[in-house]
4 protein chains.
Amino acid sequence: MTLLDPLFRWETVDRFFSDPVRLQCMLDFEAALARAEASTGVIPASAAPAIVAKCRAELFDATAIAQAATPSGGLAIPLVKALTALVSKDSPDAAKYVHWGATSQDVIDTGFVLQASAASVAITLGLEQLAGELAGLARKYRSTSVVARTWMQHALPTSFGLIAAGWLDAVDRHAERFQETTRRSLVLQFGGAVGTLAALGDRGLDVAKALGAELHLPVPDLPWHSHRDRMAELATTLALLTGTLGKIARDVSLHMQTEVGEIFEPAGEGRGGSSTMPHKRNPVACAVALAAATRVPGLVSTMLSAMVQENERGLGGWHAEWETLPDIFQLTAGALHHLAEALHGLEIDTARMAQNLELTHGLIFAEAVQMALATALGRLPAHDVVQSAAKRALAEKRSLREVLTADPQVAKHLPPADLDRLFDPRQYLGASQAMIDHVLDSHAARLKTSSSGGD
Amino acid sequence: MTLLDPLFRWETVDRFFSDPVRLQCMLDFEAALARAEASTGVIPASAAPAIVAKCRAELFDATAIAQAATPSGGLAIPLVKALTALVSKDSPDAAKYVHWGATSQDVIDTGFVLQASAASVAITLGLEQLAGELAGLARKYRSTSVVARTWMQHALPTSFGLIAAGWLDAVDRHAERFQETTRRSLVLQFGGAVGTLAALGDRGLDVAKALGAELHLPVPDLPWHSHRDRMAELATTLALLTGTLGKIARDVSLHMQTEVGEIFEPAGEGRGGSSTMPHKRNPVACAVALAAATRVPGLVSTMLSAMVQENERGLGGWHAEWETLPDIFQLTAGALHHLAEALHGLEIDTARMAQNLELTHGLIFAEAVQMALATALGRLPAHDVVQSAAKRALAEKRSLREVLTADPQVAKHLPPADLDRLFDPRQYLGASQAMIDHVLDSHAARLKTSSSGGD
Amino acid sequence: MTLLDPLFRWETVDRFFSDPVRLQCMLDFEAALARAEASTGVIPASAAPAIVAKCRAELFDATAIAQAATPSGGLAIPLVKALTALVSKDSPDAAKYVHWGATSQDVIDTGFVLQASAASVAITLGLEQLAGELAGLARKYRSTSVVARTWMQHALPTSFGLIAAGWLDAVDRHAERFQETTRRSLVLQFGGAVGTLAALGDRGLDVAKALGAELHLPVPDLPWHSHRDRMAELATTLALLTGTLGKIARDVSLHMQTEVGEIFEPAGEGRGGSSTMPHKRNPVACAVALAAATRVPGLVSTMLSAMVQENERGLGGWHAEWETLPDIFQLTAGALHHLAEALHGLEIDTARMAQNLELTHGLIFAEAVQMALATALGRLPAHDVVQSAAKRALAEKRSLREVLTADPQVAKHLPPADLDRLFDPRQYLGASQAMIDHVLDSHAARLKTSSSGGD
Amino acid sequence: MTLLDPLFRWETVDRFFSDPVRLQCMLDFEAALARAEASTGVIPASAAPAIVAKCRAELFDATAIAQAATPSGGLAIPLVKALTALVSKDSPDAAKYVHWGATSQDVIDTGFVLQASAASVAITLGLEQLAGELAGLARKYRSTSVVARTWMQHALPTSFGLIAAGWLDAVDRHAERFQETTRRSLVLQFGGAVGTLAALGDRGLDVAKALGAELHLPVPDLPWHSHRDRMAELATTLALLTGTLGKIARDVSLHMQTEVGEIFEPAGEGRGGSSTMPHKRNPVACAVALAAATRVPGLVSTMLSAMVQENERGLGGWHAEWETLPDIFQLTAGALHHLAEALHGLEIDTARMAQNLELTHGLIFAEAVQMALATALGRLPAHDVVQSAAKRALAEKRSLREVLTADPQVAKHLPPADLDRLFDPRQYLGASQAMIDHVLDSHAARLKTSSSGGD
């Protein structure tokens, strides 16, 4: 752990990428390999338990392995050497079957896939938690009017529930993508020195099958040593999610500005609030999500650039993945976690939303008034009437409605009841209620499918 | 067209991103909108044909629209204005129903989706063409031995068919991903000013449905104005493909080096070959694919960074997509096209492959010899015997086999037939033949599924 | 020109990257080469004018050259071929001296350097214009109070002049960097086929020197065919500038939000303002600058990735630069131009700045009040008094000052004059006035140095 | 340290970015602040030693600070709180002057600048070491012929010394850039809450000056809280260097391929060499440098994207730098270190270089022969003669020289001595010797300037 980990990461996922877990997952591969080879008769049955017994990370000197990784260009060689030595002490005969027929890349890649599999379960749960919060907001505030902002300027009213439904809709797509990606990407890597499994003679595929079963990983059509699209797809799918998390955070932080004050991250002991600056409430979770959304795109470009790997094992490209993909997992998980937590305790000031709708003194309704007048006056005259009223309203700091009411020509065609309607934000919900229903229905349907064990 | 377009692009896809097509797709949206609104009774039936009649790009002054785009911040406003003026000339009544209830983003985004849909059909065909070439190579060279190279060094023999099968396997995954992504991403954008369709009263969703039908685009649960994950996913899916194209190109260019000379891009009039440098044959298609693989990752990071868009319409993020996503489409398509063409005419020098297997004078077989001797001599003595033979072979520039044959201890345990086998690259095919079958079977199955119209 | 060029680009710089200018700059290289080789006696004196006469872009069929670029992998070969044919028609003897001793990379790279040199002059002028606007703002609003915002929340007062001085200070650093970079990067590329100038025998360096003089380009110690740090540095230096332009645009657009309303991009015919949404004023220039700041980082990562070029001429990396670096130049120039223009007409609402300082009802001054009370009451009691006053102020929507004035304990220690001072934003200018002076002085000093021609 | 640190990093630089050093540098800021404020009379003279005494990282519970960083959004608040508590125990009076007038960003940013300053000294030394190795190669192999490769194909002969001089020339530019950048970027950050130093009344600049002197850091014209170009420039300058390191590594690894075998990373115990694969020698340092060159461009795009920070303190952008910039420093330093070490022990096989020049059986000299014949036969006939000879040579696997010698027409015009010259790689050195001298002279001049302390 570095000092900044708790700030940017989510402990639940973070630990799957710790050094001890990294070693353990590599050792899990070696243990499963021994079992698979014993069960298929490739190595003596007695070798497996002797090897398996030593496949425990706490038996290894991680620092020594790390130091030895430098000249050999990776963790696998020193780890296998250390494992062989350990096994050898108790069972010299078994020792020669350690890592039998496998290559460094098999253990490094499959080890990572095991880490990623565990992390993916947690991320899936985090996604559902976030989606749940958003569904709650969409339902609760479905008809709460709030001003919609385009180009960072007031446009027209919308509903806050629709905003939340938009967030939910995107998050649901990410859940679907993540399921597709993990299904495709989290598979066994096992090919021996150059991907032919030649060292295992005619037993290569039998061992691969047994190994996959041991590790609960699908066995792909062939090893993927230098075809890294699966790893890169994990990166891009997480990055798409992080982009949406950044968008939500951007929205929340804009709504939370001192001048806007519509929604707030939860306050709490030592969080946001400051005793000396009582007005100050820093959107800490938004900062974390925005930082992740700033960092992950660059990391993804690394994963994509790294795909261009040479021949049967790349030089530099493969190595570039080793820290980058875990970083992407951790940053995404951290943003997901911190944002879900903040949304859970989100404070909504609906009164302020209503007030802000009045900020332009009714000018945000000008277009609708003009369209209403147009049927009576014709389009151009209507435009002129409204525009001059708007100018007067701006100049005299009066409300547009007040100015319009005072205009006899308007009064004739738009009686107070009509003006009430035109200046009522609730009249601008349009199709939003049905849209929210569609999103909530799709969300419920997706939950049902995925909980019913679909893959 | 710029001077470099033919080099980096594929005309078939390129034209979908030309200025006239961009305008036409935006006009197609406006035409379809008029039809949809007329058919749902939202605008007068007579307005539609009057509007539709003017929705032809050649009627517009593209330069004037481009110039007017600057102050208004996009193409939509000046285009709609110009369309309105055109319609107005013949049908003043119809003119007021141009773009009815829609917003700039509706026409810009849906216009792009139409361009991308057309391009995607071509890319899908290109993918199948490339896959077809690769399947051919995998079949034809399934048992052709070639040295596998790891860390850019000779490792052990493999089969060239397995190399091609690895390329094919990745390309097949990209075809699957591209189908998933286009299904999810290529949908209608239609939400009006702020995504509520409020201007259409209670008819918003009816119009949306009719509009989707007109344009053959699915209607999503809600508009996606500032949720850009669909556009970003198009980018990432294309980028994953480009990464694999770059990997194939890297492999081909490494095999094509003067010192290696195993496979070659096709020669041709004005291509590669040079009358004055008769030995020179530049891998031009590889350069194009590698250039794309160098460029697309950065463009993808832009698309991902741009996802963090403000509120109901972003400031800068949305605009950052406008040239970036077309560039990604075009670079990917160009790399796909040029590489497929090169692979179609690929020349394979199997004799050179066989020669290169001898380059290390048999040292690439040392490990296997040692394992064979180990059963008789024990592991350590076997290691010593082979290592000293290897050193002698290197020093005296003799073949390892020759040196070993001269060693009575080796001769005793490894009769000539055994040595024949150990020094025969074909004995190193391992599981590669079954792997190739698996890949070809999966490829055939995928083709069958996608041609039967399933998705 | 594409439809989006006027929106994102600056015509003054844009044209240097047009196809005709690209061809012309390559032809300028060929003309200068002929002159240099004639003047050094390497080719017959009579050949030069015959070649030079044909080095005019309008004599060439650009489309044909573009098409021929594909098989040959670049523009140089078809262009040289076409030039040779043109020269040959009038002067068959001179034709054989076209491109004498040069290689494709010489003409492509030096051609680009000529384009970039011209563009750089314009960018330098743009930088000075922007800096001039910012210096004006810093001077004019040096003591205009405005609330400083941290974490997108009100913090304490600052001066708007200090904000402008911060922008200026950064822009001045970019001007310095750009001067260093152009001096280092814009140099002649001339090395012949592999960088040895061997085809010119012992006259290579003489020709290089004469060629540099012809083109007004410094001659570097050796050719830089596959060392691309100079090109990449142009990219990074422009990107640093674009980052600052994005930061300024982000600031302006935040200040311009409907709820904030402190500063505005200029309004104008067809710009921002909308007759139907009279309250709406879209920050178009900010969108352009923010779009550039979103796009350029990805393009820079491409330029950096592309640096890893093979041996004496790269495969793919070099090609990846050809469209990327011009894009970076154009996007940076466009952002610079549009933002400078917007800042020139920037509207400042100092009354609104003053109002916004009151938005928290004095809470932004709480910390200072507490520190003032602490000397009398002790730190902790002071903290308690202020905190409870702040809570009351928030709850009762009264100003903190009012609440404090009503507290006899406060009144005893902080007479009205002291409270006046504590609640006066002007008392929070701190060292800002001296800081502004420093920045303006440094700016003036830099201008003096660069106009006196020193570098 | 993570398991992969020793592989990708350089311990000498790595430790400056460890957690304890990070804390210590932040504490160094606090100590220097106390001293500066005491020396300027802003805080009591007695407070300084009491504060300074506790500014030792080992007195702090790093894990607790890290945990507390999450709700407060950074390390500064919990660190200052812990420091205050520590001081308070011994000197309650002094405790209230901890962090006096400073803000979180002052301590975080200046703390990082102190880390970066230390790291930069080591990087500068590493650069000089690398340059020294390269200068040695350029000198030693100045006239050693080797084939130049363009587009990954044999082109013409060059000298290996020229290749090394090209590497050196680039590295020297990076040393110059790094000096400019560190001079501009490594400056004090000190502005108080919002950059005005208002909390220090009229003493702000005096304290800043004293603080800069304490920390040996220049004081800039104004604080740079949300102007991050200095940090981003550190990133881009290091990235440019890493690009060149990747280019050198790409070259070395291409030369080291089994089929090429011209230069080799040093072998060593547990390095590269393998007892069982005696032919195998993995270019481990190249892999490290190439991995860095793959990773840093993406990280740079993050730093550039992060520049767009809001107002007086950014939300997310600033936070995105905290792990990214240290990563860039460490990856660059690691690549520099591992590559310099590999170059120090580089093995050069000049015999193999000579052999490889023969690989095309003289075809690489065809162009020169043709030019030599042209003066006698005319250009076209010469071309025909050589082309047909080349075809015969290729078809019959004979050397071009042999075929040409047998051609009476050639024999007439090119006597054996001429052919000797034309087929002698040393005749292709062109201007390379002078170029190498220029580079070595410039290198020597730069060393002299920088060691004489000029900047």
# chains A, B, ... in the order shown; residues from 1 in each chain; ligands from 1

call {"tool": "interface_residues", "arguments": {"of": "chain B", "to": "chain C", "cutoff": "7 Å", "atoms": "only C-alpha atoms", "output": "PyMOL selection string"}}
result
chain B and resi 2-4+6-7+19+66-67+69-73+270-272+284+287-288+290-292+294-295+298-299+301-302+305-306+315-317+319-320

call {"tool": "select_by_dssp", "arguments": {"residues": "range 53-202 of chain C", "states": "strand (DSSP E or B)", "output": "mmCIF file with N, CA, C and O atoms, in the first residue's frame"}}
result
data_model
loop_
_atom_site.group_PDB
_atom_site.id
_atom_site.type_symbol
_atom_site.label_atom_id
_atom_site.label_comp_id
_atom_site.auth_asym_id
_atom_site.auth_seq_id
_atom_site.Cartn_x
_atom_site.Cartn_y
_atom_site.Cartn_z
ATOM 1 N N SER C 145 -12.309 42.769 -6.419
ATOM 2 C CA SER C 145 -12.487 41.552 -5.622
ATOM 3 C C SER C 145 -13.433 40.581 -6.303
ATOM 4 O O SER C 145 -14.433 40.975 -6.914
ATOM 5 N N VAL C 146 -13.118 39.320 -6.160
ATOM 6 C CA VAL C 146 -13.942 38.259 -6.705
ATOM 7 C C VAL C 146 -13.697 37.060 -5.787
ATOM 8 O O VAL C 146 -12.636 36.959 -5.170
ATOM 9 N N VAL C 147 -14.672 36.188 -5.682
ATOM 10 C CA VAL C 147 -14.445 35.060 -4.786
ATOM 11 C C VAL C 147 -13.515 34.044 -5.465
ATOM 12 O O VAL C 147 -13.649 33.774 -6.666
ATOM 13 N N ALA C 148 -12.561 33.538 -4.715
ATOM 14 C CA ALA C 148 -11.733 32.438 -5.205
ATOM 15 C C ALA C 148 -12.469 31.147 -4.911
ATOM 16 O O ALA C 148 -13.117 31.014 -3.872
ATOM 17 N N ARG C 149 -12.382 30.222 -5.838
ATOM 18 C CA ARG C 149 -13.090 28.955 -5.675
ATOM 19 C C ARG C 149 -12.075 27.804 -5.690
ATOM 20 O O ARG C 149 -11.256 27.706 -6.606
ATOM 21 N N THR C 150 -12.145 26.988 -4.672
ATOM 22 C CA THR C 150 -11.290 25.808 -4.627
ATOM 23 C C THR C 150 -12.202 24.608 -4.495
ATOM 24 O O THR C 150 -13.256 24.676 -3.851
ATOM 25 N N GLN C 153 -15.852 25.200 -4.871
ATOM 26 C CA GLN C 153 -16.596 25.779 -3.763
ATOM 27 C C GLN C 153 -15.994 27.136 -3.435
ATOM 28 O O GLN C 153 -14.789 27.335 -3.573
ATOM 29 N N HIS C 154 -16.844 28.061 -2.962
ATOM 30 C CA HIS C 154 -16.321 29.344 -2.529
ATOM 31 C C HIS C 154 -15.268 29.139 -1.447
ATOM 32 O O HIS C 154 -15.472 28.337 -0.537
ATOM 33 N N ALA C 155 -14.165 29.867 -1.568
ATOM 34 C CA ALA C 155 -13.144 29.779 -0.534
ATOM 35 C C ALA C 155 -13.024 31.144 0.146
ATOM 36 O O ALA C 155 -13.721 31.416 1.115
ATOM 37 N N LEU C 156 -12.183 32.027 -0.408
ATOM 38 C CA LEU C 156 -11.967 33.352 0.156
ATOM 39 C C LEU C 156 -11.913 34.345 -0.992
ATOM 40 O O LEU C 156 -11.791 33.941 -2.140
ATOM 41 N N PRO C 157 -11.946 35.629 -0.710
ATOM 42 C CA PRO C 157 -11.813 36.584 -1.818
ATOM 43 C C PRO C 157 -10.403 36.594 -2.388
ATOM 44 O O PRO C 157 -9.434 36.331 -1.687
ATOM 45 N N THR C 158 -10.328 36.916 -3.657
ATOM 46 C CA THR C 158 -9.055 37.196 -4.320
ATOM 47 C C THR C 158 -9.320 38.383 -5.230
ATOM 48 O O THR C 158 -10.370 39.020 -5.109
ATOM 49 N N SER C 159 -8.369 38.682 -6.135
ATOM 50 C CA SER C 159 -8.675 39.764 -7.082
ATOM 51 C C SER C 159 -8.755 39.169 -8.479
ATOM 52 O O SER C 159 -8.033 38.219 -8.807
#

call {"tool": "atom_distance", "arguments": {"atom1": "CA of Leu414 in chain B", "atom2": "CA of Gly204 in chain A"}}
result
24.4 Å

call {"tool": "closest_residue", "arguments": {"among": "C:Thr40, C:Thr332, C:Thr350, C:Thr360", "to": "Gly261 in chain A", "atoms": "only C-alpha atoms"}}
result
C:Thr360

call {"tool": "select_by_dssp", "arguments": {"residues": "range 70-304 of chain A", "states": "alpha helix (DSSP H)", "output": "JSON, numbers by chain"}}
result
{"A": [70, 71, 72, 76, 77, 78, 79, 80, 81, 82, 83, 84, 85, 86, 87, 88, 89, 90, 92, 93, 94, 95, 104, 105, 106, 107, 108, 109, 110, 111, 112, 113, 114, 115, 116, 117, 118, 119, 120, 121, 122, 123, 124, 125, 126, 127, 128, 129, 130, 131, 132, 133, 134, 135, 136, 137, 138, 139, 140, 160, 161, 162, 163, 164, 165, 166, 167, 168, 169, 170, 171, 172, 173, 174, 175, 176, 177, 178, 179, 180, 181, 182, 183, 184, 185, 204, 205, 206, 207, 208, 209, 210, 211, 212, 213, 214, 215, 229, 230, 231, 232, 233, 234, 235, 236, 237, 238, 239, 240, 241, 242, 243, 244, 245, 246, 247, 248, 249, 250, 251, 252, 253, 254, 255, 284, 285, 286, 287, 288, 289, 290, 291, 292, 293, 294, 295, 296, 297, 298, 299, 300, 301, 302, 303, 304]}

call {"tool": "residues_around", "arguments": {"residues": "Ile51 in chain D", "least_positions_apart": "4", "cutoff": "10 Å", "atoms": "only C-alpha atoms", "output": "list in words"}}
result
Leu27, Glu30, Ala31, Ala32, Leu33, Ala34, Arg35, Ser46, Ala47, Cys55, Leu83, Thr84, Leu86, Val87, Ser88, Asp90, Ser91, Ala94, Ala95, Lys96, Tyr97, Val98 and His99 of chain D

call {"tool": "residues_around", "arguments": {"residues": "Glu259 in chain D", "least_positions_apart": "6", "cutoff": "10 Å", "atoms": "only C-alpha atoms", "output": "compact mmCIF listing (two decimals) with N, CA and C atoms, in the first residue's frame"}}
result
# COMPACT_ATOMS: atom_id res chain seq x y z
N MET B 152 12.21 -11.77 -29.23
CA MET B 152 12.95 -11.52 -30.47
C MET B 152 14.19 -12.41 -30.61
N GLN B 153 14.11 -13.58 -30.06
CA GLN B 153 15.18 -14.57 -30.15
C GLN B 153 14.55 -15.90 -30.55
N HIS B 154 15.32 -16.72 -31.28
CA HIS B 154 14.84 -18.05 -31.60
C HIS B 154 14.52 -18.81 -30.32
N GLN B 257 12.12 -9.23 -42.81
CA GLN B 257 13.43 -8.58 -42.79
C GLN B 257 14.40 -9.29 -43.73
N THR B 258 15.33 -8.54 -44.26
CA THR B 258 16.32 -9.11 -45.18
C THR B 258 16.97 -10.35 -44.58
N GLU B 259 17.28 -10.30 -43.30
CA GLU B 259 17.96 -11.44 -42.69
C GLU B 259 17.05 -12.63 -42.44
N VAL B 260 15.76 -12.41 -42.44
CA VAL B 260 14.82 -13.49 -42.10
C VAL B 260 14.20 -14.06 -43.38
N ASN B 356 16.12 -21.34 -41.71
CA ASN B 356 16.28 -20.56 -40.48
C ASN B 356 16.22 -21.44 -39.24
N LEU B 359 19.60 -22.23 -38.22
CA LEU B 359 20.54 -21.12 -37.98
C LEU B 359 21.38 -21.28 -36.72
N THR B 360 20.77 -21.86 -35.71
CA THR B 360 21.52 -22.01 -34.45
C THR B 360 22.26 -23.35 -34.43
N ASN D 356 26.92 -9.73 -42.60
CA ASN D 356 25.57 -9.32 -42.96
C ASN D 356 25.56 -8.38 -44.16

call {"tool": "closest_residue", "arguments": {"among": "C:Ala38, C:Ala138, C:Thr196, C:Gly132", "to": "Arg426 in chain D", "atoms": "only C-alpha atoms"}}
result
C:Thr196

call {"tool": "residues_around", "arguments": {"residues": "range 116-122 of chain C", "least_positions_apart": "6", "cutoff": "10 Å", "atoms": "only C-alpha atoms", "output": "VMD selection string"}}
result
chain C and resid 10 12 to 17 110 128 178 to 179 182 to 183 185 to 187 217 231 234 325 to 326 329 to 330 333

call {"tool": "write_last_selection", "arguments": {"atoms": "N, CA and C atoms", "output": "JSON list (two decimals), in the first residue's frame"}}
result
[["chain", "number", "residue", "atom", "x", "y", "z"],
["C", 10, "TRP", "N", -7.59, 27.87, -37.09],
["C", 10, "TRP", "CA", -7.34, 29.29, -37.33],
["C", 10, "TRP", "C", -6.82, 29.39, -38.74],
["C", 12, "THR", "N", -5.29, 31.43, -40.50],
["C", 12, "THR", "CA", -3.92, 31.93, -40.70],
["C", 12, "THR", "C", -2.88, 30.82, -40.61],
["C", 13, "VAL", "N", -3.10, 29.92, -39.68],
["C", 13, "VAL", "CA", -2.16, 28.82, -39.51],
["C", 13, "VAL", "C", -2.59, 27.61, -40.34],
["C", 14, "ASP", "N", -3.88, 27.44, -40.42],
["C", 14, "ASP", "CA", -4.45, 26.29, -41.13],
["C", 14, "ASP", "C", -3.89, 26.13, -42.53],
["C", 15, "ARG", "N", -3.78, 27.25, -43.22],
["C", 15, "ARG", "CA", -3.38, 27.13, -44.63],
["C", 15, "ARG", "C", -1.97, 26.58, -44.79],
["C", 16, "PHE", "N", -1.13, 26.73, -43.77],
["C", 16, "PHE", "CA", 0.23, 26.19, -43.90],
["C", 16, "PHE", "C", 0.22, 24.67, -43.93],
["C", 17, "PHE", "N", -0.92, 24.09, -43.56],
["C", 17, "PHE", "CA", -0.99, 22.63, -43.56],
["C", 17, "PHE", "C", -1.94, 22.09, -44.62],
["C", 110, "THR", "N", 12.02, 17.81, -44.27],
["C", 110, "THR", "CA", 12.35, 19.23, -44.41],
["C", 110, "THR", "C", 11.15, 20.01, -44.92],
["C", 128, "GLU", "N", 1.49, 36.34, -28.41],
["C", 128, "GLU", "CA", 1.70, 37.71, -27.90],
["C", 128, "GLU", "C", 0.38, 38.46, -27.81],
["C", 178, "PHE", "N", 8.16, 27.90, -26.33],
["C", 178, "PHE", "CA", 7.95, 27.74, -27.77],
["C", 178, "PHE", "C", 9.18, 28.26, -28.53],
["C", 179, "GLN", "N", 9.75, 29.32, -28.00],
["C", 179, "GLN", "CA", 10.96, 29.86, -28.62],
["C", 179, "GLN", "C", 12.12, 28.87, -28.52],
["C", 182, "THR", "N", 11.25, 25.79, -30.94],
["C", 182, "THR", "CA", 11.37, 26.01, -32.38],
["C", 182, "THR", "C", 12.84, 26.18, -32.76],
["C", 183, "ARG", "N", 13.59, 26.85, -31.92],
["C", 183, "ARG", "CA", 15.02, 27.01, -32.18],
["C", 183, "ARG", "C", 15.71, 25.63, -32.30],
["C", 185, "SER", "N", 14.14, 22.62, -32.82],
["C", 185, "SER", "CA", 13.48, 21.61, -33.65],
["C", 185, "SER", "C", 13.43, 21.94, -35.13],
["C", 186, "LEU", "N", 13.38, 23.20, -35.45],
["C", 186, "LEU", "CA", 13.15, 23.54, -36.85],
["C", 186, "LEU", "C", 14.48, 23.64, -37.58],
["C", 187, "VAL", "N", 15.04, 22.48, -37.90],
["C", 187, "VAL", "CA", 16.34, 22.41, -38.55],
["C", 187, "VAL", "C", 16.24, 21.54, -39.79],
["C", 217, "LEU", "N", 17.45, 27.47, -42.77],
["C", 217, "LEU", "CA", 17.30, 26.49, -41.69],
["C", 217, "LEU", "C", 18.69, 26.12, -41.17],
["C", 231, "MET", "N", 10.60, 16.54, -33.48],
["C", 231, "MET", "CA", 9.18, 16.62, -33.87],
["C", 231, "MET", "C", 8.30, 16.42, -32.64],
["C", 234, "LEU", "N", 8.10, 19.56, -30.56],
["C", 234, "LEU", "CA", 7.11, 20.52, -31.08],
["C", 234, "LEU", "C", 5.72, 20.16, -30.55],
["C", 325, "LEU", "N", 1.05, 15.50, -36.26],
["C", 325, "LEU", "CA", 1.69, 16.76, -35.86],
["C", 325, "LEU", "C", 0.99, 17.97, -36.49],
["C", 326, "PRO", "N", 0.62, 17.92, -37.77],
["C", 326, "PRO", "CA", -0.19, 19.03, -38.30],
["C", 326, "PRO", "C", -1.49, 19.23, -37.50],
["C", 329, "PHE", "N", -0.62, 21.17, -34.40],
["C", 329, "PHE", "CA", -0.40, 22.58, -34.74],
["C", 329, "PHE", "C", -1.74, 23.30, -34.94],
["C", 330, "GLN", "N", -2.62, 22.68, -35.71],
["C", 330, "GLN", "CA", -3.85, 23.36, -36.08],
["C", 330, "GLN", "C", -4.82, 23.50, -34.91],
["C", 333, "ALA", "N", -3.39, 26.16, -32.60],
["C", 333, "ALA", "CA", -3.56, 27.49, -33.19],
["C", 333, "ALA", "C", -5.02, 27.92, -33.14]]
